[in-house]
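Trainee: Handing over final_36.cif, mmCIF, C-alpha atoms.
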data_final
loop_
_atom_site.label_atom_id
_atom_site.label_comp_id
_atom_site.auth_asym_id
_atom_site.auth_seq_id
_atom_site.Cartn_x
_atom_site.Cartn_y
_atom_site.Cartn_z
CA MET R 1 0.00 0.00 0.00
CA THR R 2 1.72 3.16 -1.14
CA VAL R 3 1.19 6.53 0.47
CA PRO R 4 -1.04 8.78 -1.68
CA LEU R 5 0.36 11.98 -3.16
CA THR R 6 -1.94 14.21 -1.11
CA HIS R 7 -0.37 13.00 2.14
CA TYR R 8 3.08 14.05 0.94
CA LEU R 9 1.65 17.42 -0.10
CA ALA R 10 -0.03 17.80 3.30
CA LEU R 11 3.33 17.16 5.00
CA ALA R 12 4.95 19.73 2.71
CA SER R 13 2.25 22.33 3.52
CA VAL R 14 2.58 21.84 7.27
CA LEU R 15 6.38 22.06 7.15
CA PHE R 16 6.15 25.20 5.00
CA ALA R 17 3.71 26.84 7.44
CA VAL R 18 5.97 26.01 10.41
CA GLY R 19 8.96 27.52 8.60
CA ALA R 20 6.99 30.64 7.63
CA ALA R 21 5.84 31.13 11.22
CA GLY R 22 9.46 30.88 12.36
CA VAL R 23 10.62 33.47 9.83
CA LEU R 24 7.84 35.90 10.79
CA LEU R 25 7.80 35.48 14.56
CA ARG R 26 11.45 35.23 15.58
CA ARG R 27 13.93 38.06 15.96
CA ASN R 28 17.06 35.94 16.25
CA GLY R 29 18.78 36.03 12.85
CA ILE R 30 19.92 32.40 13.05
CA SER R 31 16.36 31.21 13.77
CA ILE R 32 15.09 33.16 10.77
CA LEU R 33 17.62 31.43 8.49
CA LEU R 34 16.58 28.06 9.96
CA GLY R 35 12.95 28.89 9.11
CA VAL R 36 13.97 29.59 5.51
CA GLU R 37 15.71 26.19 5.37
CA ILE R 38 12.56 24.45 6.62
CA MET R 39 10.49 26.19 3.94
CA LEU R 40 12.94 25.14 1.20
CA ASN R 41 12.81 21.54 2.46
CA ALA R 42 9.01 21.57 2.41
CA VAL R 43 9.08 22.66 -1.22
CA ASN R 44 11.58 19.87 -1.98
CA VAL R 45 9.19 17.27 -0.55
CA ALA R 46 6.39 18.57 -2.77
CA LEU R 47 8.66 18.58 -5.85
CA VAL R 48 9.80 14.98 -5.33
CA ALA R 49 6.21 13.85 -4.70
CA PHE R 50 5.06 15.48 -7.95
CA ALA R 51 8.02 13.97 -9.80
CA ARG R 52 6.84 10.51 -8.76
CA GLN R 53 3.24 11.32 -9.67
CA HIS R 54 4.26 12.34 -13.20
CA GLY R 55 6.74 9.51 -13.63
CA ASN R 56 9.73 11.59 -14.70
CA LEU R 57 12.80 12.98 -13.00
CA ASP R 58 12.53 16.69 -13.83
CA GLY R 59 11.22 17.47 -10.34
CA GLN R 60 14.15 15.69 -8.77
CA VAL R 61 16.61 17.67 -10.89
CA LEU R 62 14.91 20.85 -9.67
CA VAL R 63 15.34 19.66 -6.06
CA PHE R 64 19.05 19.21 -6.78
CA PHE R 65 19.26 22.85 -7.88
CA VAL R 66 17.22 24.02 -4.86
CA MET R 67 19.74 22.27 -2.60
CA ALA R 68 22.65 24.04 -4.32
CA VAL R 69 20.95 27.44 -4.05
CA ALA R 70 20.11 26.74 -0.38
CA ALA R 71 23.78 26.00 0.32
CA ALA R 72 24.82 29.28 -1.32
CA GLU R 73 22.10 31.17 0.57
CA VAL R 74 23.22 29.78 3.92
CA ALA R 75 26.88 30.59 3.29
CA VAL R 76 26.12 34.22 2.43
CA GLY R 77 23.42 34.60 5.10
CA LEU R 78 25.62 33.31 7.90
CA ALA R 79 28.52 35.48 6.71
CA LEU R 80 26.19 38.48 6.90
CA LEU R 81 25.14 37.49 10.42
CA VAL R 82 28.78 37.23 11.53
CA ALA R 83 29.49 40.67 10.05
CA ILE R 84 26.38 42.12 11.75
CA PHE R 85 27.35 40.55 15.09
CA ARG R 86 30.82 42.13 14.89
CA ARG R 87 29.27 45.57 14.43
CA HIS R 88 26.33 45.40 16.86
CA GLN R 89 27.28 42.58 19.29
CA SER R 90 23.77 41.24 18.66
CA ILE R 91 21.90 39.34 15.96
CA ASP R 92 18.51 40.80 16.86
CA VAL R 93 17.17 41.74 13.42
CA ASP R 94 14.95 44.48 14.91
CA ARG R 95 18.07 46.39 15.92
CA LEU R 96 19.20 46.61 12.31
CA ASN R 97 17.48 49.92 11.70
CA VAL R 98 20.45 51.86 10.30
CA MET R 99 19.01 52.04 6.80
CA ARG R 100 15.47 52.69 7.91
CA TRP R 101 13.83 55.89 6.67
CA MET A 102 4.92 -0.87 6.13
CA GLU A 103 5.58 2.08 3.82
CA MET A 104 2.65 3.89 5.41
CA ILE A 105 3.97 3.36 8.96
CA VAL A 106 7.43 4.64 8.02
CA PHE A 107 5.96 7.65 6.24
CA TYR A 108 3.68 8.70 9.07
CA ALA A 109 6.39 8.20 11.69
CA ALA A 110 8.80 10.32 9.63
CA ALA A 111 6.14 12.96 8.92
CA VAL A 112 5.08 13.37 12.57
CA LEU A 113 8.71 13.47 13.73
CA ALA A 114 9.59 15.99 11.01
CA VAL A 115 6.77 18.36 11.99
CA ILE A 116 7.51 18.08 15.73
CA SER A 117 11.23 18.67 15.33
CA ALA A 118 10.59 21.54 12.90
CA GLY A 119 8.31 23.09 15.54
CA VAL A 120 11.06 22.77 18.15
CA ALA A 121 13.57 24.18 15.66
CA VAL A 122 11.60 27.41 15.21
CA ALA A 123 10.13 27.72 18.72
CA HIS A 124 12.94 26.91 21.18
CA ARG A 125 14.90 29.85 22.56
CA ASN A 126 18.33 28.21 22.55
CA PRO A 127 19.94 28.36 19.08
CA VAL A 128 21.93 25.15 19.69
CA VAL A 129 18.69 23.25 20.34
CA ASN A 130 17.18 24.82 17.21
CA VAL A 131 20.02 23.62 15.00
CA LEU A 132 20.20 20.11 16.50
CA SER A 133 16.44 19.72 16.20
CA LEU A 134 16.60 20.74 12.56
CA ILE A 135 18.98 17.83 11.90
CA VAL A 136 16.13 15.48 12.90
CA THR A 137 13.79 17.26 10.47
CA PHE A 138 16.27 16.91 7.63
CA PHE A 139 16.77 13.19 8.32
CA CYS A 140 12.99 12.68 8.27
CA VAL A 141 12.75 14.54 4.96
CA ALA A 142 15.51 12.25 3.64
CA VAL A 143 13.35 9.28 4.67
CA THR A 144 10.39 10.63 2.67
CA PHE A 145 12.71 11.12 -0.33
CA ALA A 146 13.77 7.47 -0.04
CA LEU A 147 10.10 6.39 0.16
CA LEU A 148 9.39 8.38 -3.01
CA GLY A 149 12.12 6.51 -4.91
CA ALA A 150 14.58 9.40 -4.92
CA SER A 151 17.57 7.48 -3.58
CA PHE A 152 20.19 9.94 -4.83
CA LEU A 153 18.37 12.92 -3.31
CA ALA A 154 17.95 11.08 0.00
CA GLY A 155 21.72 10.68 0.17
CA ALA A 156 22.34 14.24 -1.01
CA GLN A 157 19.89 15.56 1.58
CA ILE A 158 21.89 13.96 4.40
CA LEU A 159 25.27 14.96 2.94
CA VAL A 160 24.38 18.55 2.00
CA TYR A 161 21.89 19.54 4.70
CA ALA A 162 22.76 17.47 7.76
CA GLY A 163 26.43 17.26 6.81
CA ALA A 164 27.34 20.67 5.44
CA ILE A 165 24.63 23.27 6.06
CA LEU A 166 23.86 22.40 9.67
CA VAL A 167 27.54 22.06 10.57
CA LEU A 168 27.95 25.59 9.19
CA PHE A 169 24.99 26.75 11.32
CA LEU A 170 26.42 25.06 14.41
CA PHE A 171 29.84 26.59 13.70
CA VAL A 172 28.37 30.09 13.54
CA VAL A 173 26.27 29.54 16.69
CA MET A 174 29.42 28.48 18.54
CA LEU A 175 31.49 31.29 16.97
CA LEU A 176 28.99 33.90 18.17
CA ASN A 177 28.90 32.17 21.59
CA ALA A 178 25.30 30.84 21.34
CA PRO A 179 23.60 34.19 20.96
CA THR A 180 20.09 34.50 22.30
CA VAL A 181 17.94 37.56 21.80
CA GLU A 182 16.17 38.91 24.88
CA GLY A 183 12.40 38.62 24.62
CA ASP A 184 12.84 36.85 21.30
CA ALA A 185 9.20 36.90 20.22
CA ASN A 186 8.60 39.78 17.89
CA GLU A 187 7.23 42.88 19.58
CA ARG A 188 5.53 44.60 16.69
CA PRO A 189 1.81 43.78 16.89
CA VAL A 190 1.43 43.70 13.10
CA GLN A 191 4.17 41.12 12.75
CA ARG A 192 2.93 39.11 15.72
CA VAL A 193 -0.60 38.80 14.37
CA GLY A 194 0.60 38.37 10.79
CA GLY A 195 3.12 35.75 11.83
CA VAL A 196 0.30 33.60 13.18
CA LEU A 197 -2.39 34.41 10.62
CA LEU A 198 -0.32 34.06 7.45
CA PRO A 199 0.91 30.48 8.11
CA LEU A 200 -2.65 29.53 9.14
CA ALA A 201 -4.00 31.04 5.93
CA LEU A 202 -1.38 29.09 3.96
CA LEU A 203 -2.45 25.88 5.71
CA ALA A 204 -6.14 26.57 5.12
CA GLY A 205 -5.52 27.26 1.44
CA ALA A 206 -3.45 24.11 1.02
CA ALA A 207 -6.08 22.05 2.85
CA ALA A 208 -8.87 23.46 0.66
CA VAL A 209 -6.96 22.60 -2.51
CA LEU A 210 -5.93 19.13 -1.33
CA LEU A 211 -9.49 18.25 -0.28
CA ALA A 212 -11.08 19.59 -3.45
CA VAL A 213 -8.73 18.18 -6.09
CA THR A 214 -9.03 14.73 -7.63
CA LEU A 215 -5.72 13.49 -8.95
CA ALA A 216 -5.10 11.60 -12.15
CA PRO A 217 -3.75 8.10 -11.50
CA ALA A 218 -0.01 8.14 -10.94
CA ALA A 219 2.30 7.39 -13.85
CA ALA A 220 4.69 4.46 -13.66
CA PRO A 221 7.27 5.38 -10.99
CA VAL A 222 10.82 6.20 -12.07
CA GLU A 223 13.72 5.56 -9.70
CA GLY A 224 15.85 8.64 -9.07
CA THR A 225 19.13 6.77 -9.14
CA PRO A 226 22.45 8.68 -9.42
CA HIS A 227 22.78 7.28 -12.94
CA ALA A 228 19.38 8.57 -14.12
CA LEU A 229 19.80 12.00 -12.49
CA GLY A 230 23.34 12.33 -13.82
CA ARG A 231 22.15 11.68 -17.37
CA LEU A 232 19.69 14.57 -16.99
CA LEU A 233 22.17 16.92 -15.31
CA VAL A 234 24.88 16.69 -17.95
CA GLY A 235 22.37 16.32 -20.77
CA PRO A 236 19.31 18.59 -21.05
CA GLN A 237 20.09 20.55 -17.84
CA LEU A 238 23.78 21.15 -18.56
CA PHE A 239 23.47 24.95 -18.77
CA ALA A 240 21.67 25.20 -15.41
CA PHE A 241 24.21 22.81 -13.90
CA GLU A 242 27.10 25.05 -14.99
CA LEU A 243 25.26 28.16 -13.77
CA VAL A 244 24.91 26.57 -10.33
CA SER A 245 28.67 26.03 -10.19
CA VAL A 246 29.20 29.73 -10.94
CA LEU A 247 26.61 30.63 -8.27
CA LEU A 248 28.40 28.51 -5.66
CA LEU A 249 31.72 30.16 -6.54
CA ALA A 250 30.14 33.62 -6.22
CA ALA A 251 28.63 32.68 -2.84
CA LEU A 252 32.01 31.37 -1.66
CA VAL A 253 33.85 34.56 -2.63
CA GLY A 254 31.02 36.74 -1.26
CA ALA A 255 31.01 34.97 2.11
CA MET A 256 34.79 35.34 2.42
CA ILE A 257 34.65 39.06 1.63
CA LEU A 258 31.77 39.63 4.09
CA VAL A 259 33.55 38.10 7.08
CA LYS A 260 36.99 39.49 6.29
CA ARG A 261 38.22 41.97 8.89
CA LYS A 262 39.47 45.25 7.54
CA SER A 263 43.09 45.57 8.65
#
Re-express the file's structure as structure tokens.
Mentor:
Amino acid sequence: MTVPLTHYLALASVLFAVGAAGVLLRRNGISILLGVEIMLNAVNVALVAFARQHGNLDGQVLVFFVMAVAAAEVAVGLALLVAIFRRHQSIDVDRLNVMRW
Amino acid sequence: MEMIVFYAAAVLAVISAGVAVAHRNPVVNVLSLIVTFFCVAVTFALLGASFLAGAQILVYAGAILVLFLFVVMLLNAPTVEGDANERPVQRVGGVLLPLALLAGAAAVLLAVTLAPAAAPVEGTPHALGRLLVGPQLFAFELVSVLLLAALVGAMILVKRKS
């Protein structure tokens, strides 16, 4: 008995909502980046599930590219956080109001 | 059997993702996210994406989360006082928007009737590799340039001005 596609999509939706809540509700920069990672993973689950539904591998190739972009995003994002921490001694994103009008 | 494994992985993934975004200690957040990523790798394996299941563990649990843990330790496990967001707009929106997303997804998933699934294709390294250096070669090369740019950018961002 295989698991139906909708159950995979339901898992992906719940994971995406959890990640979005983390991005919106936290002020710690590291937690916000973790929320983004959860959202990207949720999308990957949906892509692989659709790839199986359609019986080709294009979705899985797209997941491969999402993983590469996520790795690049984390490297740059964490470098930014380290630079911000050096300047402000804090990674509270609400204190980054230097460029605010 | 497949069902039991899937539901166990799904429940564990959602719980650990909740801990990863809700707990105040960044070290706990990162370690809990490792569990989420392993559970996602399990669902990839169930979906016949064996290469991606391996890549998920290598890239996410192996590289990305080690980088996160390294930065958390480098910044001496920074916590933010009163971490929940203070702005009322963001507080309400941060609860309502994910709930709206969930409601929309639930409405679509309950309403839609799916065509019967096509014959499954195994996502073996061989099959994916044929696609990556065949039809997707340009995107594959672009990703290598993107990773190089991210590498150089990260080094410049953390470099101290002497």
Trainee: Give the answer as one residue: which of A:Leu175, A:Val259, A:Ala118, A:Gly224 has the shortest atom-to-atom distance to A:Ala154, using all atoms listed in the file?
Mentor: A:Gly224
Trainee: Hey, which of A:Val190, A:Val209, A:Leu153, A:Leu229 ends up closest to R:Val66? Count all atoms listed in the file.
Mentor: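 For R:Val66, the nearest of the given residues is A:Leu153.
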Trainee: Select all residues from chain R having any atom no more than 8 Å from an atom of chain A (counting only C-alpha atoms, ignoring ligands), output as JSON, numbers by chain.
Mentor: {"R": [1, 2, 3, 6, 9, 10, 11, 13, 14, 15, 17, 18, 19, 20, 21, 22, 24, 25, 26, 27, 28, 30, 31, 34, 35, 38, 41, 45, 48, 49, 52, 53, 54, 55, 56, 57, 60, 61, 63, 64, 65, 67, 68, 69, 71, 72, 73, 74, 75, 76, 78, 79, 80, 82, 83, 85, 90, 91, 92]}
Trainee: How far is it from atom CA of R:Val43 to atom CA of R:Tyr8, in Å with one decimal?
Mentor: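 Straight-line distance from atom CA of R:Val43 to atom CA of R:Tyr8 works out to 10.7 Å.
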Trainee: Any idea what the distance is between atom CA of A:Ser133 and atom CA of A:Gly155?
Mentor: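 Going from atom CA of A:Ser133 over to atom CA of A:Gly155 covers 19.1 Å.
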Trainee: Return stretch 46-57 of chain R, completed with all heavy atoms, as a tab-separated table (two decimals), keeping the file's coordinate frame.
Mentor:
chain	number	residue	atom	x	y	z
R	46	ALA	N	7.46	18.47	-1.79
R	46	ALA	CA	6.39	18.57	-2.77
R	46	ALA	C	6.90	18.27	-4.17
R	46	ALA	O	6.26	17.57	-4.96
R	46	ALA	CB	5.76	19.97	-2.71
R	47	LEU	N	8.11	18.79	-4.50
R	47	LEU	CA	8.66	18.58	-5.85
R	47	LEU	C	8.92	17.09	-6.11
R	47	LEU	O	8.61	16.57	-7.18
R	47	LEU	CB	9.95	19.38	-6.01
R	47	LEU	CG	9.79	20.86	-6.32
R	47	LEU	CD1	11.14	21.55	-6.25
R	47	LEU	CD2	9.19	21.04	-7.69
R	48	VAL	N	9.51	16.40	-5.13
R	48	VAL	CA	9.80	14.98	-5.33
R	48	VAL	C	8.50	14.18	-5.43
R	48	VAL	O	8.39	13.26	-6.25
R	48	VAL	CB	10.70	14.45	-4.20
R	48	VAL	CG1	10.94	12.97	-4.35
R	48	VAL	CG2	12.02	15.16	-4.20
R	49	ALA	N	7.49	14.56	-4.63
R	49	ALA	CA	6.21	13.85	-4.70
R	49	ALA	C	5.57	14.02	-6.07
R	49	ALA	O	5.07	13.06	-6.68
R	49	ALA	CB	5.27	14.37	-3.60
R	50	PHE	N	5.62	15.25	-6.62
R	50	PHE	CA	5.06	15.48	-7.95
R	50	PHE	C	5.87	14.77	-9.01
R	50	PHE	O	5.31	14.29	-10.02
R	50	PHE	CB	4.99	16.98	-8.26
R	50	PHE	CG	3.78	17.65	-7.71
R	50	PHE	CD1	3.88	18.72	-6.84
R	50	PHE	CD2	2.51	17.19	-8.06
R	50	PHE	CE1	2.76	19.32	-6.34
R	50	PHE	CE2	1.39	17.80	-7.56
R	50	PHE	CZ	1.51	18.86	-6.70
R	51	ALA	N	7.19	14.69	-8.82
R	51	ALA	CA	8.02	13.97	-9.80
R	51	ALA	C	7.60	12.51	-9.88
R	51	ALA	O	7.53	11.93	-10.97
R	51	ALA	CB	9.50	14.09	-9.41
R	52	ARG	N	7.28	11.90	-8.71
R	52	ARG	CA	6.84	10.51	-8.76
R	52	ARG	C	5.46	10.40	-9.42
R	52	ARG	O	5.22	9.49	-10.20
R	52	ARG	CB	6.78	9.91	-7.36
R	52	ARG	CG	6.49	8.41	-7.42
R	52	ARG	CD	6.23	7.82	-6.07
R	52	ARG	NE	4.98	8.29	-5.51
R	52	ARG	CZ	4.40	7.74	-4.45
R	52	ARG	NH1	4.97	6.73	-3.84
R	52	ARG	NH2	3.27	8.21	-3.98
R	53	GLN	N	4.58	11.36	-9.09
R	53	GLN	CA	3.24	11.32	-9.67
R	53	GLN	C	3.29	11.37	-11.19
R	53	GLN	O	2.54	10.67	-11.87
R	53	GLN	CB	2.43	12.51	-9.12
R	53	GLN	CG	1.09	12.71	-9.75
R	53	GLN	CD	0.04	11.78	-9.17
R	53	GLN	OE1	0.33	11.07	-8.22
R	53	GLN	NE2	-1.14	11.76	-9.76
R	54	HIS	N	4.20	12.19	-11.74
R	54	HIS	CA	4.26	12.34	-13.20
R	54	HIS	C	5.20	11.34	-13.85
R	54	HIS	O	5.31	11.31	-15.08
R	54	HIS	CB	4.69	13.77	-13.56
R	54	HIS	CG	3.65	14.79	-13.25
R	54	HIS	ND1	2.53	14.95	-14.05
R	54	HIS	CD2	3.51	15.66	-12.24
R	54	HIS	CE1	1.77	15.90	-13.52
R	54	HIS	NE2	2.34	16.33	-12.43
R	55	GLY	N	5.92	10.57	-13.05
R	55	GLY	CA	6.74	9.51	-13.63
R	55	GLY	C	7.93	10.00	-14.42
R	55	GLY	O	8.38	9.31	-15.33
R	56	ASN	N	8.44	11.20	-14.11
R	56	ASN	CA	9.73	11.59	-14.70
R	56	ASN	C	10.59	12.25	-13.63
R	56	ASN	O	10.16	12.46	-12.50
R	56	ASN	CB	9.55	12.48	-15.92
R	56	ASN	CG	8.95	13.82	-15.57
R	56	ASN	OD1	9.22	14.38	-14.52
R	56	ASN	ND2	8.11	14.34	-16.45
R	57	LEU	N	11.83	12.57	-14.01
R	57	LEU	CA	12.80	12.98	-13.00
R	57	LEU	C	13.05	14.49	-12.99
R	57	LEU	O	13.93	14.95	-12.28
R	57	LEU	CB	14.14	12.26	-13.24
R	57	LEU	CG	14.11	10.76	-12.92
R	57	LEU	CD1	15.43	10.13	-13.27
R	57	LEU	CD2	13.81	10.55	-11.46
